[in-house]
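Q: Have a peek at coords27.txt (compact mmCIF, C-alpha atoms).
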```txt
# COMPACT_ATOMS: atom_id res chain seq x y z
CA MET E 27 41.70 -6.39 -4.16
CA LYS E 28 40.20 -9.77 -3.31
CA VAL E 29 36.55 -10.21 -4.21
CA PHE E 30 34.52 -13.13 -2.87
CA VAL E 31 31.41 -13.75 -4.95
CA LYS E 32 28.61 -15.97 -3.64
CA ARG E 33 27.73 -18.67 -6.15
CA ALA E 34 25.82 -21.95 -5.97
CA SER E 35 28.99 -23.82 -4.97
CA GLY E 36 29.96 -21.29 -2.30
CA PHE E 37 32.16 -18.19 -2.35
CA GLN E 38 34.47 -17.88 -5.36
CA LYS E 39 37.57 -15.72 -5.05
CA PHE E 40 38.65 -13.22 -7.72
CA GLU E 41 41.50 -10.68 -7.92
CA VAL E 42 40.25 -7.35 -9.25
CA PRO E 43 42.40 -4.22 -9.87
CA ARG E 44 41.42 -1.08 -7.93
CA HIS E 45 40.59 2.17 -9.73
CA PRO E 46 39.61 5.63 -8.53
CA SER E 47 35.83 6.12 -8.18
CA GLN E 48 35.27 2.43 -8.83
CA THR E 49 31.80 1.13 -7.93
CA VAL E 50 30.86 -2.34 -6.76
CA LEU E 51 28.96 -2.76 -10.03
CA ASP E 52 32.20 -1.94 -11.89
CA VAL E 53 33.89 -4.72 -9.93
CA VAL E 54 31.21 -7.29 -10.75
CA THR E 55 31.23 -6.19 -14.42
CA TYR E 56 35.03 -6.58 -14.54
CA ILE E 57 34.75 -10.11 -13.17
CA GLN E 58 32.13 -11.08 -15.73
CA ARG E 59 33.85 -9.48 -18.71
CA SER E 60 37.47 -10.31 -17.92
CA LEU E 61 37.61 -13.24 -15.50
CA ASP E 62 34.52 -15.42 -15.64
CA PRO E 63 31.85 -14.86 -18.30
CA THR E 64 29.50 -17.35 -16.58
CA LEU E 65 28.87 -14.97 -13.66
CA ALA E 66 25.23 -13.88 -13.64
CA TYR E 67 24.21 -10.46 -12.30
CA ARG E 68 21.62 -7.85 -13.15
CA TYR E 69 21.85 -4.14 -13.91
CA ALA E 70 20.42 -1.62 -16.35
CA CYS E 71 20.82 2.13 -15.86
CA ARG E 72 24.10 2.32 -13.86
CA VAL E 73 23.03 5.68 -12.40
CA GLY E 74 20.74 4.83 -9.48
CA MET E 75 17.41 5.12 -11.24
CA CYS E 76 16.25 1.67 -12.27
CA GLY E 77 16.72 -0.30 -9.04
CA SER E 78 17.95 -3.50 -10.68
CA CYS E 79 21.54 -3.85 -9.44
CA ALA E 80 20.98 -4.28 -5.69
CA MET E 81 23.16 -6.95 -4.04
CA THR E 82 24.52 -7.84 -0.62
CA VAL E 83 27.93 -6.19 -0.21
CA ASN E 84 29.94 -7.20 2.87
CA GLY E 85 26.71 -8.40 4.45
CA VAL E 86 24.76 -5.18 3.78
CA PRO E 87 22.11 -4.74 1.06
CA ARG E 88 23.13 -1.92 -1.29
CA TRP E 89 22.61 -0.47 -4.76
CA THR E 90 25.90 -1.48 -6.34
CA CYS E 91 25.99 1.13 -9.12
CA ARG E 92 26.16 3.97 -6.62
CA THR E 93 28.26 2.23 -3.99
CA HIS E 94 31.93 3.19 -4.22
CA VAL E 95 34.40 0.47 -3.42
CA ASP E 96 36.35 2.94 -1.24
CA LYS E 97 33.34 3.25 1.02
CA VAL E 98 32.75 -0.47 1.64
CA VAL E 99 36.07 -2.29 1.11
CA ARG E 100 37.52 -3.93 4.24
CA ASP E 101 41.15 -5.13 4.39
CA ASP E 102 41.33 -4.82 0.62
CA ALA E 103 38.52 -7.37 0.28
CA LEU E 104 34.88 -7.36 -0.79
CA GLU E 105 32.19 -9.98 -0.35
CA VAL E 106 29.34 -9.81 -2.87
CA GLY E 107 26.18 -11.93 -2.78
CA PRO E 108 22.56 -11.84 -3.92
CA LEU E 109 19.90 -9.95 -1.96
CA LYS E 110 18.53 -11.80 1.07
CA ASN E 111 14.86 -12.77 1.52
CA LEU E 112 14.49 -13.50 -2.22
CA PRO E 113 14.98 -16.76 -4.12
CA VAL E 114 18.24 -16.85 -6.08
CA VAL E 115 17.95 -17.49 -9.81
CA ARG E 116 21.71 -17.76 -10.29
CA ASP E 117 24.77 -16.20 -8.67
CA LEU E 118 23.85 -12.57 -7.92
CA VAL E 119 20.46 -12.59 -9.64
CA THR E 120 17.38 -12.90 -7.45
CA ASP E 121 13.83 -13.68 -8.46
CA MET E 122 11.91 -10.45 -7.81
CA ARG E 123 8.46 -11.89 -8.62
CA GLU E 124 7.27 -12.31 -5.03
CA PHE E 125 8.60 -8.84 -4.19
CA PHE E 126 6.52 -7.19 -6.92
CA ASP E 127 3.52 -9.52 -6.48
CA LYS E 128 3.33 -8.10 -2.97
CA TRP E 129 3.04 -4.59 -4.39
CA ALA E 130 -0.04 -5.83 -6.23
CA ARG E 131 -1.34 -7.55 -3.07
CA ALA E 132 -0.94 -4.25 -1.21
CA LYS E 133 -3.16 -2.74 -3.91
CA GLY E 134 -0.29 -0.72 -5.29
CA GLN E 135 -2.22 0.15 -8.44
CA PHE E 136 -3.40 3.73 -8.82
CA GLN E 137 -7.16 3.99 -9.36
CA GLY E 138 -8.31 7.43 -10.46
CA THR E 139 -11.84 8.62 -11.07
CA ARG E 140 -11.36 11.03 -13.97
CA THR E 141 -11.61 10.14 -17.64
CA LYS E 142 -9.39 11.38 -20.44
CA ARG E 143 -12.08 13.92 -21.34
CA GLU E 144 -11.68 15.70 -18.03
CA ASP E 145 -8.93 18.12 -17.13
CA PHE E 146 -5.83 17.15 -15.14
CA ALA E 147 -6.28 16.83 -11.39
CA VAL E 148 -4.37 19.50 -9.52
CA VAL E 149 -2.31 18.31 -6.55
CA PRO E 150 -0.93 21.37 -4.77
CA PRO E 151 2.71 20.64 -3.84
CA ALA E 152 2.23 22.48 -0.55
CA SER E 153 -0.81 20.44 0.56
CA GLU E 154 -0.32 18.42 3.75
CA GLU E 155 -1.20 15.09 2.11
CA ARG E 156 1.25 15.61 -0.74
CA LYS E 157 4.07 16.72 1.58
CA LEU E 158 3.68 13.49 3.59
CA VAL E 159 4.57 11.36 0.56
CA ASP E 160 6.96 13.73 -1.22
CA ALA E 161 9.91 11.49 -0.44
CA SER E 162 8.09 8.14 -0.56
CA ILE E 163 7.14 8.45 -4.24
CA GLU E 164 10.86 8.43 -5.15
CA CYS E 165 11.12 4.66 -4.49
CA ILE E 166 12.97 2.90 -7.32
CA GLY E 167 11.87 -0.62 -6.33
CA CYS E 168 15.39 -1.96 -5.81
CA GLY E 169 14.41 -4.43 -3.07
CA VAL E 170 17.13 -3.31 -0.61
CA CYS E 171 14.54 -2.60 2.12
CA TYR E 172 12.92 -5.99 1.53
CA ALA E 173 16.27 -7.76 1.88
CA ALA E 174 17.06 -5.77 5.04
CA CYS E 175 13.72 -6.46 6.76
CA ASP E 176 13.70 -8.88 9.71
CA VAL E 177 9.92 -9.28 9.59
CA VAL E 178 10.10 -10.49 5.96
CA ALA E 179 12.65 -13.09 7.08
CA TRP E 180 10.40 -14.26 9.94
CA ASN E 181 7.04 -14.05 8.21
CA PRO E 182 7.22 -14.80 4.47
CA ASP E 183 3.68 -13.48 3.94
CA TYR E 184 4.66 -10.00 5.15
CA LEU E 185 4.18 -7.52 2.33
CA GLY E 186 7.42 -5.76 3.15
CA PRO E 187 8.53 -2.12 3.34
CA ALA E 188 8.47 -1.29 -0.38
CA ALA E 189 4.94 -2.56 -1.06
CA LEU E 190 3.63 -0.83 2.08
CA ASN E 191 5.46 2.37 1.12
CA ARG E 192 3.76 2.21 -2.26
CA ALA E 193 0.36 1.73 -0.61
CA TRP E 194 1.09 4.70 1.66
CA THR E 195 1.78 6.99 -1.32
CA LEU E 196 -1.60 6.03 -2.80
CA VAL E 197 -3.52 6.34 0.46
CA LYS E 198 -2.28 9.94 0.55
CA ASP E 199 -2.96 10.54 -3.15
CA ALA E 200 -5.86 12.98 -3.44
CA ARG E 201 -6.81 11.57 -6.86
CA ASP E 202 -7.02 7.94 -5.79
CA SER E 203 -10.39 6.27 -5.12
CA LEU E 204 -9.42 2.92 -3.58
CA LYS E 205 -8.56 4.12 -0.11
CA ILE E 206 -10.62 1.77 2.08
CA GLU E 207 -9.96 -1.27 -0.10
CA ARG E 208 -6.26 -0.53 0.08
CA LEU E 209 -6.35 -0.10 3.85
CA ARG E 210 -8.05 -3.49 4.06
CA ALA E 211 -5.28 -4.96 1.91
CA VAL E 212 -2.48 -3.60 4.08
CA ALA E 213 -4.08 -4.25 7.51
CA GLY E 214 -3.25 -7.39 9.40
CA ASP E 215 -0.59 -10.04 9.91
CA ALA E 216 0.80 -9.75 6.39
CA GLY E 217 0.58 -5.97 6.44
CA CYS E 218 1.52 -2.87 8.37
CA HIS E 219 0.56 -4.26 11.79
CA SER E 220 3.41 -6.76 11.67
CA CYS E 221 6.08 -4.05 11.41
CA HIS E 222 8.23 -3.96 14.56
CA THR E 223 9.74 -0.57 13.70
CA HIS E 224 13.27 -2.01 13.59
CA MET E 225 13.89 0.57 10.86
CA SER E 226 16.33 -1.58 8.87
CA CYS E 227 14.50 -0.50 5.71
CA THR E 228 14.98 3.16 6.56
CA GLU E 229 18.60 2.56 7.55
CA HIS E 230 19.50 0.86 4.26
CA CYS E 231 17.26 2.59 1.70
CA PRO E 232 19.68 3.98 -0.91
CA LYS E 233 17.24 6.80 -1.68
CA LYS E 234 17.14 7.74 2.02
CA LEU E 235 13.39 7.19 2.20
CA SER E 236 11.59 6.11 5.35
CA PRO E 237 9.23 3.20 4.68
CA THR E 238 8.95 2.94 8.48
CA ALA E 239 7.25 6.35 8.59
CA GLY E 240 4.86 5.30 5.82
CA ILE E 241 4.03 2.05 7.62
CA ALA E 242 3.37 4.02 10.82
CA GLY E 243 1.09 6.25 8.73
CA LEU E 244 -0.80 3.18 7.50
CA LYS E 245 -1.24 2.00 11.09
CA ARG E 246 -2.76 5.37 11.98
CA GLU E 247 -5.01 5.41 8.89
CA THR E 248 -6.25 1.84 9.45
CA ALA E 249 -6.94 2.61 13.13
CA ARG E 250 -8.84 5.74 12.14
CA ALA E 251 -10.88 3.82 9.56
CA LEU E 252 -11.61 1.09 12.13
CA LEU E 253 -12.87 3.60 14.69
CA LYS E 254 -15.09 5.16 12.03
CA GLY E 255 -16.48 1.70 11.26
CA GLU E 256 -15.16 1.72 7.68
CA LEU E 257 -12.69 -1.15 7.96
CA MET R 1 -14.37 -5.34 11.20
CA ASN R 2 -10.69 -5.98 10.61
CA VAL R 3 -9.61 -8.12 13.58
CA GLN R 4 -5.88 -7.43 13.37
CA THR R 5 -6.41 -3.68 13.27
CA ALA R 6 -8.67 -3.97 16.31
CA LEU R 7 -6.01 -6.03 18.11
CA TRP R 8 -3.41 -3.43 17.24
CA VAL R 9 -5.56 -0.61 18.63
CA ALA R 10 -6.24 -2.68 21.77
CA GLN R 11 -2.53 -3.33 22.23
CA ARG R 12 -1.64 0.34 21.83
CA ALA R 13 -4.40 1.45 24.18
CA SER R 14 -3.44 -1.12 26.80
CA ALA R 15 0.22 -0.09 26.43
CA ALA R 16 -0.76 3.49 27.26
CA VAL R 17 -2.50 2.27 30.43
CA LEU R 18 0.47 0.04 31.30
CA ALA R 19 2.91 2.93 30.92
CA VAL R 20 1.17 4.67 33.82
CA CYS R 21 0.47 1.52 35.86
CA VAL R 22 4.01 0.15 35.66
CA ALA R 23 5.49 3.53 36.62
CA VAL R 24 3.17 3.85 39.65
CA HIS R 25 3.73 0.20 40.61
CA LEU R 26 7.55 0.49 40.46
CA ALA R 27 7.56 3.81 42.32
CA MET R 28 5.40 2.25 45.02
CA ILE R 29 7.68 -0.79 45.38
CA ILE R 30 10.74 1.46 45.72
CA TYR R 31 8.91 3.64 48.24
CA ALA R 32 7.72 0.66 50.28
CA VAL R 33 11.18 -0.93 50.35
CA GLN R 34 13.03 2.26 51.24
CA GLY R 35 10.57 3.17 53.96
CA GLY R 36 11.02 -0.32 55.39
CA LEU R 37 7.32 -1.14 55.38
CA THR R 38 6.45 -4.59 56.70
CA ALA R 39 3.94 -6.86 55.00
CA ALA R 40 1.46 -6.08 57.74
CA GLU R 41 1.89 -2.34 57.22
CA ILE R 42 1.39 -2.72 53.48
CA LEU R 43 -1.75 -4.80 54.00
CA GLY R 44 -2.95 -2.19 56.48
CA ARG R 45 -2.89 0.37 53.72
CA THR R 46 -4.35 -1.75 50.92
CA ARG R 47 -7.11 -3.60 52.81
CA GLY R 48 -10.48 -2.05 52.14
CA ASN R 49 -8.88 0.62 49.97
CA ALA R 50 -11.09 0.86 46.87
CA GLY R 51 -8.57 3.16 45.16
CA TRP R 52 -5.80 0.55 45.16
CA LEU R 53 -8.27 -2.15 44.12
CA ALA R 54 -9.38 -0.01 41.17
CA PHE R 55 -5.78 0.75 40.24
CA TYR R 56 -4.67 -2.89 40.28
CA SER R 57 -7.84 -4.04 38.55
CA ALA R 58 -7.04 -1.64 35.68
CA PHE R 59 -3.44 -2.92 35.69
CA VAL R 60 -4.60 -6.55 35.48
CA LEU R 61 -7.08 -5.75 32.73
CA ALA R 62 -4.40 -3.97 30.68
CA VAL R 63 -1.96 -6.90 31.04
CA THR R 64 -4.72 -9.36 30.13
CA VAL R 65 -5.33 -7.45 26.90
CA HIS R 66 -1.71 -6.60 26.11
CA ALA R 67 0.28 -9.78 26.71
CA PRO R 68 -1.67 -12.30 24.60
CA ILE R 69 -1.65 -9.94 21.58
CA GLY R 70 2.14 -9.67 21.81
CA LEU R 71 2.44 -13.45 22.21
CA ARG R 72 0.29 -13.83 19.11
CA SER R 73 2.98 -12.11 17.02
CA ILE R 74 5.68 -14.25 18.62
CA CYS R 75 3.66 -17.38 17.79
CA ILE R 76 3.51 -16.32 14.13
CA GLU R 77 7.12 -15.20 13.75
CA TRP R 78 8.98 -17.73 15.86
CA LEU R 79 6.76 -20.80 15.63
CA GLY R 80 4.75 -20.20 12.46
CA TRP R 81 1.71 -21.02 14.60
CA ARG R 82 -1.56 -19.66 13.17
CA GLY R 83 -5.21 -20.53 13.23
CA ARG R 84 -7.77 -21.55 15.79
CA SER R 85 -5.58 -23.68 18.06
CA ARG R 86 -3.26 -20.71 18.67
CA ASP R 87 -6.15 -18.37 19.41
CA VAL R 88 -7.74 -20.85 21.83
CA VAL R 89 -4.45 -21.30 23.72
CA LEU R 90 -3.88 -17.53 23.85
CA SER R 91 -7.44 -16.96 25.09
CA LEU R 92 -6.85 -19.51 27.86
CA PHE R 93 -3.58 -17.75 28.66
CA ALA R 94 -5.45 -14.43 28.89
CA LEU R 95 -7.92 -16.03 31.31
CA LEU R 96 -5.04 -17.41 33.38
CA ILE R 97 -3.41 -13.96 33.66
CA ALA R 98 -6.76 -12.38 34.53
CA TRP R 99 -7.47 -15.03 37.19
CA MET R 100 -4.02 -14.72 38.77
CA GLY R 101 -4.14 -10.93 38.64
CA VAL R 102 -7.62 -10.60 40.12
CA ARG R 103 -6.68 -13.10 42.84
CA ALA R 104 -3.63 -11.02 43.76
CA ALA R 105 -5.53 -7.71 43.68
CA LEU R 106 -8.32 -9.14 45.86
CA GLY R 107 -5.73 -10.80 48.10
CA VAL R 108 -4.41 -7.47 49.33
CA PHE R 109 -7.85 -5.83 49.35
CA ALA R 110 -10.00 -8.32 51.23
```
Would you kindly transcribe this structure into structure tokens?

A:
Amino acid sequence: MKVFVKRASGFQKFEVPRHPSQTVLDVVTYIQRSLDPTLAYRYACRVGMCGSCAMTVNGVPRWTCRTHVDKVVRDDALEVGPLKNLPVVRDLVTDMREFFDKWARAKGQFQGTRTKREDFAVVPPASEERKLVDASIECIGCGVCYAACDVVAWNPDYLGPAALNRAWTLVKDARDSLKIERLRAVAGDAGCHSCHTHMSCTEHCPKKLSPTAGIAGLKRETARALLKGEL
Amino acid sequence: MNVQTALWVAQRASAAVLAVCVAVHLAMIIYAVQGGLTAAEILGRTRGNAGWLAFYSAFVLAVTVHAPIGLRSICIEWLGWRGRSRDVVLSLFALLIAWMGVRAALGVFA
């Protein structure tokens, strides 16, 4: 098959042999190991856990290690590029600093109240709060949602779906003590209120999560806090 | 108080009012056109009618709240326009809508 890889100089064409159950990451690895060792790309686990191999494949952000070529190839050709909305370091490698800095800006750090001398906190799996974030806590931080988000493209300050999803999991964490501070951090033009509910994040999330639902939850929680005079 | 959250609540609340107002307004236009009402007949029904004045006053108020908040997002996303100058212009725009709307509502009442 023909593979067009986005590089600094433009798209570079490679011929790559097809194999059964071949993934897009396999294709990129073949190019780097057999055709052009200068190609830069990033991966670690190869099994959909670490979130480091996301790229743009035929214009769509995807996790490449779990994307089969059969599923995405068009006319025996593939186009592979770096994730959108992030600065490119080289070839297929993006700089994820801003992406993760925004998690910190959304107060994505857990802040418990117990010390190591106290017993474990019990979070009943059947509790309403826990059920609301059951899926959301499975985020692997791959950046696909961030690359898919129109609002990130329009408003570079926007925290983005992943950071807001992280904040949502903590707002609903019974053990966490930073609730109001976190709601302050995610309210406003850079936060949940800028989401237009286009749902591109939900459409493209490889883990099938719905950051959109979490962001809607943050809108409700911030509104509730405002009406109570806490925000 | 978090201003953006307050604006968001105001926009949602005004949207809820607009959902009703727009539906009633459209239904009334269709009714008036199909029934072949003349301008004079329409004015005959609206003049001195406090109910219609209240309805259109609520409509105008909801638009005055709703539209500038939406334009605010467009200013940020399309033009990158933030800060005081944007808010002043949007406030003037809100006043313009309110003035035009009140004028129209009073026009068919008085």

Q: Which residues come within 8 Å of segment 218-231 of chain E, counting all atoms listed in the file, excluding same-chain residues fewer than 4 positions away, as a list in words?

A: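 So, after excluding close chain neighbours, the residues are Pro87, Arg88, Val170, Cys171, Tyr172, Ala174, Cys175, Asp176, Val177, Tyr184, Pro187, Leu190, Val212, Ala213, Gly214, Leu235, Ser236, Pro237, Thr238, Ile241, Ala242, Leu244 and Lys245 of chain E; Gln4, Thr5, Trp8 and Ser73 of chain R.
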
Q: Please return, as a list in words, all residues of chain R lying within 6 Å of chain E when only C-alpha atoms are considered.

A: Met1, Asn2, Gln4 and Glu77 of chain R

Q: Any idea what the distance is between atom CA of Asp183 of chain E and atom CA of Phe37 of chain E?

A: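 Computing the Euclidean distance for atom CA of Asp183 of chain E and atom CA of Phe37 of chain E yields 29.5 Å.
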
Q: Distance cut-off 12 Å, centre (-6.5, -16.0, 24.4) in file coordinates, counting all atoms listed in the file: which residues qualify? Return them as a PDB file with C-alpha atoms, in the frame of the given file.

A:
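Once written, point_5.pdb looks like this:
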```pdb
ATOM      1  CA  LEU R   7      -6.010  -6.030  18.110  1.00  0.00           C
ATOM      2  CA  THR R  64      -4.720  -9.360  30.130  1.00  0.00           C
ATOM      3  CA  VAL R  65      -5.330  -7.450  26.900  1.00  0.00           C
ATOM      4  CA  HIS R  66      -1.710  -6.600  26.110  1.00  0.00           C
ATOM      5  CA  ALA R  67       0.280  -9.780  26.710  1.00  0.00           C
ATOM      6  CA  PRO R  68      -1.670 -12.300  24.600  1.00  0.00           C
ATOM      7  CA  ILE R  69      -1.650  -9.940  21.580  1.00  0.00           C
ATOM      8  CA  GLY R  70       2.140  -9.670  21.810  1.00  0.00           C
ATOM      9  CA  LEU R  71       2.440 -13.450  22.210  1.00  0.00           C
ATOM     10  CA  ARG R  72       0.290 -13.830  19.110  1.00  0.00           C
ATOM     11  CA  ARG R  84      -7.770 -21.550  15.790  1.00  0.00           C
ATOM     12  CA  SER R  85      -5.580 -23.680  18.060  1.00  0.00           C
ATOM     13  CA  ARG R  86      -3.260 -20.710  18.670  1.00  0.00           C
ATOM     14  CA  ASP R  87      -6.150 -18.370  19.410  1.00  0.00           C
ATOM     15  CA  VAL R  88      -7.740 -20.850  21.830  1.00  0.00           C
ATOM     16  CA  VAL R  89      -4.450 -21.300  23.720  1.00  0.00           C
ATOM     17  CA  LEU R  90      -3.880 -17.530  23.850  1.00  0.00           C
ATOM     18  CA  SER R  91      -7.440 -16.960  25.090  1.00  0.00           C
ATOM     19  CA  LEU R  92      -6.850 -19.510  27.860  1.00  0.00           C
ATOM     20  CA  PHE R  93      -3.580 -17.750  28.660  1.00  0.00           C
ATOM     21  CA  ALA R  94      -5.450 -14.430  28.890  1.00  0.00           C
ATOM     22  CA  LEU R  95      -7.920 -16.030  31.310  1.00  0.00           C
ATOM     23  CA  LEU R  96      -5.040 -17.410  33.380  1.00  0.00           C
ATOM     24  CA  ILE R  97      -3.410 -13.960  33.660  1.00  0.00           C
ATOM     25  CA  ALA R  98      -6.760 -12.380  34.530  1.00  0.00           C
TER      26      ALA R  98
END
```

Q: With N, CA and C atoms as the goal, would you fill in the gaps in segment 67-94 of chain R and present it as a PDB file, in the frame of the given file?

A:
```
ATOM      1  N   ALA R  67      -0.676  -8.672  26.836  1.00  0.00           N
ATOM      2  CA  ALA R  67       0.280  -9.780  26.710  1.00  0.00           C
ATOM      3  C   ALA R  67      -0.098 -10.810  25.642  1.00  0.00           C
ATOM      4  N   PRO R  68      -1.351 -11.277  25.610  1.00  0.00           N
ATOM      5  CA  PRO R  68      -1.670 -12.300  24.600  1.00  0.00           C
ATOM      6  C   PRO R  68      -1.535 -11.783  23.160  1.00  0.00           C
ATOM      7  N   ILE R  69      -1.776 -10.477  22.949  1.00  0.00           N
ATOM      8  CA  ILE R  69      -1.650  -9.940  21.580  1.00  0.00           C
ATOM      9  C   ILE R  69      -0.175  -9.951  21.167  1.00  0.00           C
ATOM     10  N   GLY R  70       0.704  -9.616  22.103  1.00  0.00           N
ATOM     11  CA  GLY R  70       2.140  -9.670  21.810  1.00  0.00           C
ATOM     12  C   GLY R  70       2.588 -11.102  21.559  1.00  0.00           C
ATOM     13  N   LEU R  71       2.074 -12.035  22.389  1.00  0.00           N
ATOM     14  CA  LEU R  71       2.440 -13.450  22.210  1.00  0.00           C
ATOM     15  C   LEU R  71       1.948 -13.975  20.861  1.00  0.00           C
ATOM     16  N   ARG R  72       0.835 -13.416  20.408  1.00  0.00           N
ATOM     17  CA  ARG R  72       0.290 -13.830  19.110  1.00  0.00           C
ATOM     18  C   ARG R  72       1.324 -13.576  18.001  1.00  0.00           C
ATOM     19  N   SER R  73       1.959 -12.405  18.020  1.00  0.00           N
ATOM     20  CA  SER R  73       2.980 -12.110  17.020  1.00  0.00           C
ATOM     21  C   SER R  73       4.168 -13.053  17.148  1.00  0.00           C
ATOM     22  N   ILE R  74       4.546 -13.346  18.402  1.00  0.00           N
ATOM     23  CA  ILE R  74       5.680 -14.250  18.620  1.00  0.00           C
ATOM     24  C   ILE R  74       5.339 -15.639  18.076  1.00  0.00           C
ATOM     25  N   CYS R  75       4.102 -16.080  18.305  1.00  0.00           N
ATOM     26  CA  CYS R  75       3.660 -17.380  17.790  1.00  0.00           C
ATOM     27  C   CYS R  75       3.813 -17.436  16.261  1.00  0.00           C
ATOM     28  N   ILE R  76       3.441 -16.343  15.596  1.00  0.00           N
ATOM     29  CA  ILE R  76       3.510 -16.320  14.130  1.00  0.00           C
ATOM     30  C   ILE R  76       4.970 -16.309  13.674  1.00  0.00           C
ATOM     31  N   GLU R  77       5.763 -15.411  14.260  1.00  0.00           N
ATOM     32  CA  GLU R  77       7.120 -15.200  13.750  1.00  0.00           C
ATOM     33  C   GLU R  77       8.117 -16.263  14.177  1.00  0.00           C
ATOM     34  N   TRP R  78       8.004 -16.755  15.374  1.00  0.00           N
ATOM     35  CA  TRP R  78       8.980 -17.730  15.860  1.00  0.00           C
ATOM     36  C   TRP R  78       8.544 -19.157  15.589  1.00  0.00           C
ATOM     37  N   LEU R  79       7.229 -19.414  15.716  1.00  0.00           N
ATOM     38  CA  LEU R  79       6.760 -20.800  15.630  1.00  0.00           C
ATOM     39  C   LEU R  79       5.956 -21.075  14.359  1.00  0.00           C
ATOM     40  N   GLY R  80       5.602 -20.017  13.634  1.00  0.00           N
ATOM     41  CA  GLY R  80       4.750 -20.200  12.460  1.00  0.00           C
ATOM     42  C   GLY R  80       3.386 -20.745  12.835  1.00  0.00           C
ATOM     43  N   TRP R  81       2.965 -20.451  14.072  1.00  0.00           N
ATOM     44  CA  TRP R  81       1.710 -21.020  14.600  1.00  0.00           C
ATOM     45  C   TRP R  81       0.558 -20.046  14.338  1.00  0.00           C
ATOM     46  N   ARG R  82      -0.389 -20.470  13.486  1.00  0.00           N
ATOM     47  CA  ARG R  82      -1.560 -19.660  13.170  1.00  0.00           C
ATOM     48  C   ARG R  82      -2.820 -20.459  13.425  1.00  0.00           C
ATOM     49  N   GLY R  83      -3.947 -19.798  13.214  1.00  0.00           N
ATOM     50  CA  GLY R  83      -5.210 -20.530  13.230  1.00  0.00           C
ATOM     51  C   GLY R  83      -5.856 -20.640  14.589  1.00  0.00           C
ATOM     52  N   ARG R  84      -6.884 -21.473  14.642  1.00  0.00           N
ATOM     53  CA  ARG R  84      -7.770 -21.550  15.790  1.00  0.00           C
ATOM     54  C   ARG R  84      -7.075 -22.062  17.052  1.00  0.00           C
ATOM     55  N   SER R  85      -6.212 -23.082  16.879  1.00  0.00           N
ATOM     56  CA  SER R  85      -5.580 -23.680  18.060  1.00  0.00           C
ATOM     57  C   SER R  85      -4.763 -22.623  18.796  1.00  0.00           C
ATOM     58  N   ARG R  86      -4.045 -21.784  18.045  1.00  0.00           N
ATOM     59  CA  ARG R  86      -3.260 -20.710  18.670  1.00  0.00           C
ATOM     60  C   ARG R  86      -4.178 -19.742  19.426  1.00  0.00           C
ATOM     61  N   ASP R  87      -5.266 -19.349  18.789  1.00  0.00           N
ATOM     62  CA  ASP R  87      -6.150 -18.370  19.410  1.00  0.00           C
ATOM     63  C   ASP R  87      -6.820 -18.925  20.667  1.00  0.00           C
ATOM     64  N   VAL R  88      -7.137 -20.224  20.642  1.00  0.00           N
ATOM     65  CA  VAL R  88      -7.740 -20.850  21.830  1.00  0.00           C
ATOM     66  C   VAL R  88      -6.731 -20.843  22.973  1.00  0.00           C
ATOM     67  N   VAL R  89      -5.482 -21.254  22.673  1.00  0.00           N
ATOM     68  CA  VAL R  89      -4.450 -21.300  23.720  1.00  0.00           C
ATOM     69  C   VAL R  89      -4.195 -19.907  24.283  1.00  0.00           C
ATOM     70  N   LEU R  90      -4.137 -18.899  23.381  1.00  0.00           N
ATOM     71  CA  LEU R  90      -3.880 -17.530  23.850  1.00  0.00           C
ATOM     72  C   LEU R  90      -5.057 -16.999  24.674  1.00  0.00           C
ATOM     73  N   SER R  91      -6.280 -17.387  24.302  1.00  0.00           N
ATOM     74  CA  SER R  91      -7.440 -16.960  25.090  1.00  0.00           C
ATOM     75  C   SER R  91      -7.385 -17.570  26.487  1.00  0.00           C
ATOM     76  N   LEU R  92      -6.981 -18.861  26.546  1.00  0.00           N
ATOM     77  CA  LEU R  92      -6.850 -19.510  27.860  1.00  0.00           C
ATOM     78  C   LEU R  92      -5.752 -18.825  28.672  1.00  0.00           C
ATOM     79  N   PHE R  93      -4.668 -18.444  27.978  1.00  0.00           N
ATOM     80  CA  PHE R  93      -3.580 -17.750  28.660  1.00  0.00           C
ATOM     81  C   PHE R  93      -4.065 -16.416  29.226  1.00  0.00           C
ATOM     82  N   ALA R  94      -4.901 -15.712  28.431  1.00  0.00           N
ATOM     83  CA  ALA R  94      -5.450 -14.430  28.890  1.00  0.00           C
ATOM     84  C   ALA R  94      -6.294 -14.654  30.155  1.00  0.00           C
TER      85      ALA R  94
END
```
